[in-house]
file target.tsv (TSV, C-alpha atoms)
chain	number	residue	atom	x	y	z
L	251	MET	CA	80.80	24.47	89.52
L	252	ALA	CA	80.66	27.40	91.95
L	253	SER	CA	77.14	26.44	93.09
L	254	ILE	CA	78.23	22.80	93.68
L	255	ARG	CA	81.20	23.99	95.76
L	256	SER	CA	78.92	26.38	97.63
L	257	THR	CA	76.49	23.51	98.42
L	258	GLU	CA	79.35	21.30	99.62
L	259	PHE	CA	80.71	24.12	101.76
L	260	ASN	CA	77.26	24.75	103.26
L	261	SER	CA	76.83	21.02	103.99
L	262	ALA	CA	80.25	20.89	105.68
L	263	GLN	CA	79.44	24.00	107.73
L	264	SER	CA	76.09	22.53	108.68
L	265	LEU	CA	77.66	19.23	109.81
L	266	GLU	CA	80.22	21.13	111.88
L	267	LYS	CA	77.45	23.13	113.53
L	268	ASP	CA	75.53	19.92	114.28
L	269	ALA	CA	78.62	18.38	115.86
L	270	ILE	CA	79.22	21.46	118.02
L	271	MET	CA	75.59	21.51	119.18
L	272	ASP	CA	75.69	17.77	119.94
L	273	ASN	CA	78.83	18.22	122.04
L	274	LEU	CA	77.28	21.21	123.75
L	275	TYR	CA	74.21	19.13	124.66
L	276	TRP	CA	76.25	16.50	126.48
L	277	ILE	CA	78.70	18.96	128.06
L	278	LYS	CA	75.78	20.94	129.48
L	279	GLN	CA	74.42	17.77	131.10
L	280	ILE	CA	77.77	17.08	132.73
L	281	ILE	CA	78.11	20.67	133.94
L	282	SER	CA	74.60	20.51	135.40
L	283	ILE	CA	75.50	17.40	137.38
L	284	ILE	CA	78.71	19.01	138.68
L	285	LEU	CA	76.99	22.28	139.62
L	286	GLY	CA	74.14	20.35	141.25
L	287	CYS	CA	76.61	18.37	143.37
L	288	VAL	CA	78.48	21.54	144.36
L	289	ALA	CA	75.30	23.47	145.24
L	290	GLY	CA	73.87	20.56	147.23
L	291	GLY	CA	77.16	19.70	148.90
L	292	MET	CA	77.61	23.29	150.05
L	293	ASN	CA	73.98	23.36	151.34
L	294	LEU	CA	73.12	26.32	149.11
L	295	THR	CA	69.43	27.16	149.00
L	296	GLY	CA	67.02	29.53	147.32
L	297	PHE	CA	66.09	30.78	143.85
L	298	PRO	CA	69.27	32.87	143.41
L	299	ILE	CA	71.14	29.57	142.98
L	300	ILE	CA	68.86	28.69	140.05
L	301	ILE	CA	69.53	32.08	138.48
L	302	CYS	CA	73.28	31.62	138.98
L	303	PHE	CA	73.03	28.22	137.32
L	304	GLY	CA	71.23	29.75	134.33
L	305	ILE	CA	73.84	32.46	133.94
L	306	ALA	CA	76.75	30.04	134.37
L	307	VAL	CA	75.50	27.52	131.82
L	308	SER	CA	74.47	30.18	129.28
L	309	SER	CA	77.86	31.89	129.58
L	310	PHE	CA	79.64	28.60	129.17
L	311	SER	CA	77.63	27.83	126.01
L	312	LEU	CA	78.66	31.11	124.42
L	313	VAL	CA	82.32	30.76	125.44
L	314	TYR	CA	82.45	27.16	124.23
L	315	ALA	CA	80.99	27.91	120.80
L	316	TRP	CA	82.48	31.31	120.09
L	317	GLN	CA	85.86	31.25	121.83
L	318	ILE	CA	86.84	27.58	121.96
L	319	MET	CA	85.21	26.18	118.79
L	320	LYS	CA	85.38	29.53	116.92
L	321	ALA	CA	81.87	29.01	115.53
L	322	GLU	CA	80.75	32.61	115.62
L	323	GLU	CA	78.05	32.05	113.00
L	324	ILE	CA	75.91	30.15	115.53
L	325	GLU	CA	73.36	32.47	117.09
L	326	SER	CA	73.49	33.08	120.84
L	327	TRP	CA	69.83	32.09	121.21
L	328	ASP	CA	70.50	28.65	119.67
L	329	LEU	CA	73.47	28.13	121.99
L	330	VAL	CA	71.66	29.15	125.16
L	331	THR	CA	68.51	27.13	124.45
L	332	GLU	CA	70.28	23.95	123.24
L	333	ALA	CA	69.60	21.33	125.94
L	334	PHE	CA	68.32	24.02	128.31
L	335	GLY	CA	65.41	21.90	129.54
L	336	PRO	CA	67.29	18.65	130.18
L	337	SER	CA	70.25	20.43	131.79
L	338	PHE	CA	68.00	22.55	134.01
L	339	PHE	CA	66.03	19.55	135.24
L	340	CYS	CA	69.24	17.60	135.70
L	341	PHE	CA	70.60	20.40	137.89
L	342	ILE	CA	67.42	20.58	139.98
L	343	LEU	CA	67.40	16.80	140.49
L	344	VAL	CA	71.07	16.49	141.45
L	345	TRP	CA	70.91	19.60	143.65
L	346	THR	CA	67.85	18.22	145.48
L	347	LEU	CA	69.36	14.77	145.97
L	348	THR	CA	72.75	15.97	147.23
L	349	PHE	CA	71.05	18.55	149.46
L	350	THR	CA	68.81	15.86	150.95
L	351	PHE	CA	71.38	13.14	151.52
L	352	ILE	CA	74.73	14.86	152.06
Z	211	MET	CA	69.63	21.60	156.61
Z	212	GLY	CA	71.04	18.41	155.13
Z	213	TYR	CA	70.19	14.81	155.64
Z	214	ASP	CA	66.84	14.25	157.26
Z	215	SER	CA	66.84	10.84	158.94
Z	216	ASP	CA	63.12	10.47	158.21
Z	217	ILE	CA	63.82	10.35	154.49
Z	218	SER	CA	64.77	6.92	153.31
Z	219	LEU	CA	67.45	6.71	150.63
Z	220	ILE	CA	65.96	3.39	149.54
Z	221	ASP	CA	62.60	5.06	148.83
Z	222	THR	CA	64.24	7.75	146.71
Z	223	LEU	CA	66.38	5.29	144.81
Z	224	SER	CA	63.32	3.10	144.18
Z	225	VAL	CA	61.43	6.04	142.70
Z	226	MET	CA	64.40	6.90	140.48
Z	227	ALA	CA	64.76	3.29	139.37
Z	228	ALA	CA	61.04	3.15	138.54
Z	229	ALA	CA	61.37	6.36	136.52
Z	230	ILE	CA	64.36	4.99	134.59
Z	231	PHE	CA	62.56	1.71	133.96
Z	232	THR	CA	59.39	3.35	132.64
Z	233	ALA	CA	61.32	5.89	130.58
Z	234	VAL	CA	63.37	3.14	128.90
Z	235	LEU	CA	60.22	1.08	128.37
Z	236	ALA	CA	58.33	4.06	126.93
Z	237	GLU	CA	61.15	4.87	124.54
Z	238	GLY	CA	61.43	1.22	123.58
Z	239	LEU	CA	57.73	1.12	122.80
Z	240	SER	CA	58.02	4.41	120.92
Z	241	TRP	CA	60.85	2.94	118.83
Z	242	ALA	CA	58.84	-0.19	118.09
Z	243	LEU	CA	55.60	1.63	117.25
Z	244	ILE	CA	56.83	4.93	115.84
Z	245	TYR	CA	60.50	5.58	115.22
Z	246	ARG	CA	61.36	2.51	113.16
Z	247	THR	CA	58.44	2.93	110.72
Z	248	GLU	CA	59.37	4.09	107.21
Z	249	ASP	CA	56.67	6.75	107.38
Z	250	TYR	CA	58.22	8.38	110.42
Z	251	LYS	CA	61.76	8.15	109.02
Z	252	GLN	CA	60.70	9.84	105.78
Z	253	ILE	CA	58.87	12.67	107.52
Z	254	LYS	CA	61.77	13.15	109.95
Z	255	LYS	CA	64.22	13.45	107.03
Z	256	SER	CA	61.94	16.02	105.40
Z	257	VAL	CA	61.73	18.08	108.59
Z	258	GLU	CA	65.53	18.10	108.94
Z	259	ALA	CA	66.06	19.00	105.28
Z	260	LEU	CA	63.48	21.80	105.39
Z	261	SER	CA	65.00	23.16	108.63
Z	262	LYS	CA	68.43	23.36	107.04
Z	263	GLN	CA	66.98	24.90	103.88
Z	264	LEU	CA	65.16	27.54	105.90
Z	265	GLU	CA	68.31	28.32	107.88
Z	266	ARG	CA	70.29	28.77	104.65
Z	267	GLU	CA	67.62	30.99	103.14
Z	268	LYS	CA	67.54	33.20	106.22
Z	269	GLU	CA	71.30	33.59	106.17
Z	270	LYS	CA	71.43	34.51	102.47
Z	271	VAL	CA	72.35	38.12	101.81
Z	272	VAL	CA	70.37	39.58	98.89
Z	273	THR	CA	70.12	42.90	97.16
Z	274	ALA	CA	67.26	45.25	97.98
Z	275	SER	CA	65.50	44.42	94.70
Z	276	LYS	CA	65.42	40.69	95.53
Z	277	GLN	CA	64.37	41.25	99.15
Z	278	LYS	CA	60.64	40.65	98.55
Z	279	SER	CA	61.07	37.42	96.59
Z	280	GLN	CA	63.53	36.20	99.26
Z	281	GLU	CA	60.95	36.88	101.98
Z	282	LYS	CA	58.32	35.00	99.97
Z	283	LYS	CA	60.69	32.04	99.62
Z	284	ILE	CA	61.39	32.03	103.38
Z	285	SER	CA	57.70	32.23	104.18
Z	286	LYS	CA	56.91	29.33	101.82
Z	287	THR	CA	59.66	27.12	103.31
Z	288	ASP	CA	58.55	28.06	106.83
Z	289	THR	CA	54.97	27.00	106.03
Z	290	MET	CA	56.18	23.73	104.51
Z	291	LEU	CA	58.28	23.07	107.62
Z	292	LYS	CA	55.36	23.73	109.95
Z	293	ASN	CA	53.07	21.44	107.92
Z	294	THR	CA	55.67	18.67	107.85
Z	295	SER	CA	56.25	19.02	111.60
Z	296	GLN	CA	52.50	18.68	112.14
Z	297	GLN	CA	52.55	15.54	109.98
Z	298	LEU	CA	55.35	14.21	112.16
Z	299	ASN	CA	53.37	14.83	115.34
Z	300	ALA	CA	50.23	13.29	113.82
Z	301	SER	CA	52.17	10.13	112.88
Z	302	LYS	CA	53.14	9.73	116.55
Z	303	MET	CA	49.70	10.56	117.99
Z	304	LYS	CA	48.08	7.11	118.39
Z	305	SER	CA	51.15	5.39	119.79
Z	306	THR	CA	51.97	8.31	122.06
Z	307	MET	CA	48.47	8.11	123.58
Z	308	ILE	CA	48.85	4.39	124.28
Z	309	ILE	CA	52.22	4.98	125.93
Z	310	ALA	CA	50.82	7.92	127.91
Z	311	LEU	CA	47.95	5.77	129.27
Z	312	PHE	CA	50.44	3.15	130.38
Z	313	MET	CA	52.60	5.80	132.09
Z	314	ILE	CA	49.60	7.30	133.87
Z	315	ALA	CA	48.48	3.89	135.14
Z	316	PHE	CA	51.98	3.07	136.37
Z	317	MET	CA	52.41	6.45	138.01
Z	318	SER	CA	49.04	6.14	139.79
Z	319	THR	CA	50.11	2.78	141.23
Z	320	LEU	CA	53.45	4.20	142.33
Z	321	SER	CA	51.78	7.28	143.76
Z	322	SER	CA	49.45	5.23	145.96
Z	323	THR	CA	52.44	3.19	147.20
Z	324	TYR	CA	54.29	6.35	148.22
Z	325	HIS	CA	51.27	8.22	149.54
Z	326	GLY	CA	52.39	10.53	152.38
Z	327	VAL	CA	56.07	9.60	151.96
Z	328	VAL	CA	58.64	12.39	151.71
Z	329	VAL	CA	61.38	11.23	149.34
Z	330	ALA	CA	63.56	14.35	149.31
Z	331	LYS	CA	64.01	17.85	150.68
Z	332	LEU	CA	63.92	20.66	148.18
Z	333	PRO	CA	66.67	23.30	148.55
Z	334	PHE	CA	64.21	25.99	147.52
Z	335	SER	CA	60.59	26.83	148.25
Z	336	PRO	CA	58.60	26.24	145.06
Z	337	PHE	CA	55.92	28.68	143.92
Z	338	SER	CA	52.29	27.69	144.53
Z	339	MET	CA	51.57	26.04	141.15
Z	340	LEU	CA	54.66	23.86	141.38
Z	341	GLN	CA	53.76	22.88	144.95
Z	342	ASN	CA	50.77	20.98	143.51
Z	343	ILE	CA	53.35	18.58	142.11
Z	344	THR	CA	56.17	18.75	144.66
Z	345	HIS	CA	53.88	18.49	147.70
Z	346	ARG	CA	51.30	16.11	146.24
Z	347	ASN	CA	49.80	13.65	148.75
Z	348	LEU	CA	52.09	14.89	151.52
Z	349	PRO	CA	50.92	15.91	154.99
Z	350	GLY	CA	51.89	19.18	156.65
Z	351	ASP	CA	52.72	22.65	155.37
Z	352	ASP	CA	56.44	22.38	154.78
Z	353	SER	CA	56.76	23.38	151.12
Z	354	THR	CA	60.29	21.98	150.89
Z	355	ASP	CA	59.03	18.42	151.43
Z	356	CYS	CA	59.20	16.64	148.11
Z	357	SER	CA	56.83	13.90	146.97
Z	358	MET	CA	57.76	11.01	144.68
Z	359	ILE	CA	55.96	12.50	141.71
Z	360	PHE	CA	58.38	15.41	141.33
Z	361	ILE	CA	61.46	13.18	141.50
Z	362	TYR	CA	59.79	10.67	139.15
Z	363	LEU	CA	58.89	13.33	136.57
Z	364	LEU	CA	62.35	14.93	136.64
Z	365	MET	CA	64.14	11.59	136.27
Z	366	SER	CA	61.77	10.41	133.56
Z	367	PHE	CA	62.15	13.61	131.53
Z	368	ILE	CA	65.94	13.53	131.76
Z	369	VAL	CA	66.23	9.86	130.79
Z	370	ARG	CA	63.77	10.10	127.89
Z	371	ASN	CA	65.40	13.20	126.45
Z	372	ASN	CA	68.86	11.69	126.64
Z	373	ILE	CA	67.73	8.43	125.04
Z	374	GLN	CA	66.08	10.37	122.21
Z	375	LYS	CA	69.19	12.48	121.74
Z	376	PHE	CA	71.62	9.57	121.90
Z	377	PHE	CA	69.75	7.46	119.36
Z	378	GLY	CA	68.66	10.38	117.18
Z	379	PHE	CA	64.97	9.54	117.40
Z	380	THR	CA	63.75	13.09	117.06
Z	381	PRO	CA	64.59	15.43	114.21
Z	382	ARG	CA	67.33	17.97	114.63
Z	383	THR	CA	65.89	21.37	114.01
Z	384	PRO	CA	66.93	24.86	114.98
Z	385	PHE	CA	63.32	25.60	115.84
Z	386	ASN	CA	61.99	24.81	119.28
Z	387	MET	CA	59.54	26.07	121.89
Z	388	TRP	CA	62.07	28.60	123.09
Z	389	GLU	CA	61.98	30.45	119.77
Z	390	PRO	CA	62.18	34.16	120.54
Z	391	PRO	CA	59.91	36.70	118.85
Z	392	ASN	CA	61.21	38.30	115.65
Z	393	TYR	CA	63.64	35.45	115.10
Z	394	LYS	CA	65.42	36.30	111.84
call {"tool": "encode", "arguments": {"input": "target.tsv", "output": "structure tokens"}}
result
Amino acid sequence: MASIRSTEFNSAQSLEKDAIMDNLYWIKQIISIILGCVAGGMNLTGFPIIICFGIAVSSFSLVYAWQIMKAEEIESWDLVTEAFGPSFFCFILVWTLTFTFI
Amino acid sequence: MGYDSDISLIDTLSVMAAAIFTAVLAEGLSWALIYRTEDYKQIKKSVEALSKQLEREKEKVVTASKQKSQEKKISKTDTMLKNTSQQLNASKMKSTMIIALFMIAFMSTLSSTYHGVVVAKLPFSPFSMLQNITHRNLPGDDSTDCSMIFIYLLMSFIVRNNIQKFFGFTPRTPFNMWEPPNYK
């Protein structure tokens, strides 16, 4: 009985973690678009902007999971690297386009 | 800096539209040839189940006497996961190559159409290796001039990833290329 309950609890925890990571994926995309628009609109240039983006998005991931969703069991590495590639490229694309045309 | 009147918005939008079109087409072909097959679905389920099992095993707290057997269990599950992931990649191989050939042919055609055309201005100066992509087929030395290939690749990557995520085509796993060393 205890092992069945433990399995159910683990499954529920796992589903919750999946939901949080899914939300984080899409939120990171949206944040990348917003930050890209802001950086391009303000005519910001240079690699420091990319580093600032990395720090901002990573910090947000940790705050979102640990403070807002209270999911402290999720490792920081998983949170930072979730959707890192797509969000980074999204930022670069939006930043480039707004910088070019605005 | 800002808007350069020599850069046509229509050109840039055309490149982005082409990237979206080919990305959607590639994912559609991938779904038809790979993702909807029972083989792929089974292997994907196995990869997800093994990933979760491995995660649970790593999180388990055991006594010192059971430490060695726990490590053996983790190692065995890890090996099974790696083998199953390889099976998954192998099941996609043939179709992926066909799609890749199509993408290369399309991109070559697009590239010759936009030869020498600057489609955007980069807000940073890329390092030399990246300039091979960002400054491809462009005249002059201005490293912030951006060719269609860079915009095409970025747009294509973003669209394909989001389609795969939205429809759940690829397995959810906590393991990825960003895995740090000594990951517990």
call {"tool": "closest_residue", "arguments": {"input": "target.tsv", "among": "L:Trp276, L:Phe341, L:Phe310, L:Phe351", "to": "chain Z", "atoms": "only C-alpha atoms"}}
result
L:Phe351
call {"tool": "atom_distance", "arguments": {"input": "target.tsv", "atom1": "atom CA of L:Leu274", "atom2": "atom CA of Z:Lys262"}}
result
19.0 Å
call {"tool": "interface_residues", "arguments": {"input": "target.tsv", "of": "chain L", "to": "chain Z", "cutoff": "10 Å", "atoms": "only C-alpha atoms", "output": "count of residues only"}}
result
46
call {"tool": "atom_distance", "arguments": {"input": "target.tsv", "atom1": "atom CA of Z:Ser279", "atom2": "atom CA of Z:Lys255"}}
result
26.3 Å
call {"tool": "closest_residue", "arguments": {"input": "target.tsv", "among": "Z:Ser366, Z:Asp288, Z:Lys278, Z:Thr323", "to": "Z:Ala227", "atoms": "only C-alpha atoms"}}
result
Z:Ser366
call {"tool": "residues_around", "arguments": {"input": "target.tsv", "residues": "L:Leu329", "least_positions_apart": "2", "cutoff": "8 Å", "atoms": "all atoms listed in the file", "output": "PyMOL selection string"}}
result
chain L and resi 271+308+311-312+315+324-327+331-332
call {"tool": "atom_distance", "arguments": {"input": "target.tsv", "atom1": "atom CA of Z:Thr289", "atom2": "atom CA of Z:Gln263"}}
result
12.4 Å
call {"tool": "residues_around", "arguments": {"input": "target.tsv", "residues": "Z:Ser322", "least_positions_apart": "6", "cutoff": "12 Å", "atoms": "all atoms listed in the file", "output": "list in words"}}
result
Ala315, Phe316, Arg346, Asn347, Leu348, Ser357, Met358 and Ile359 of chain Z
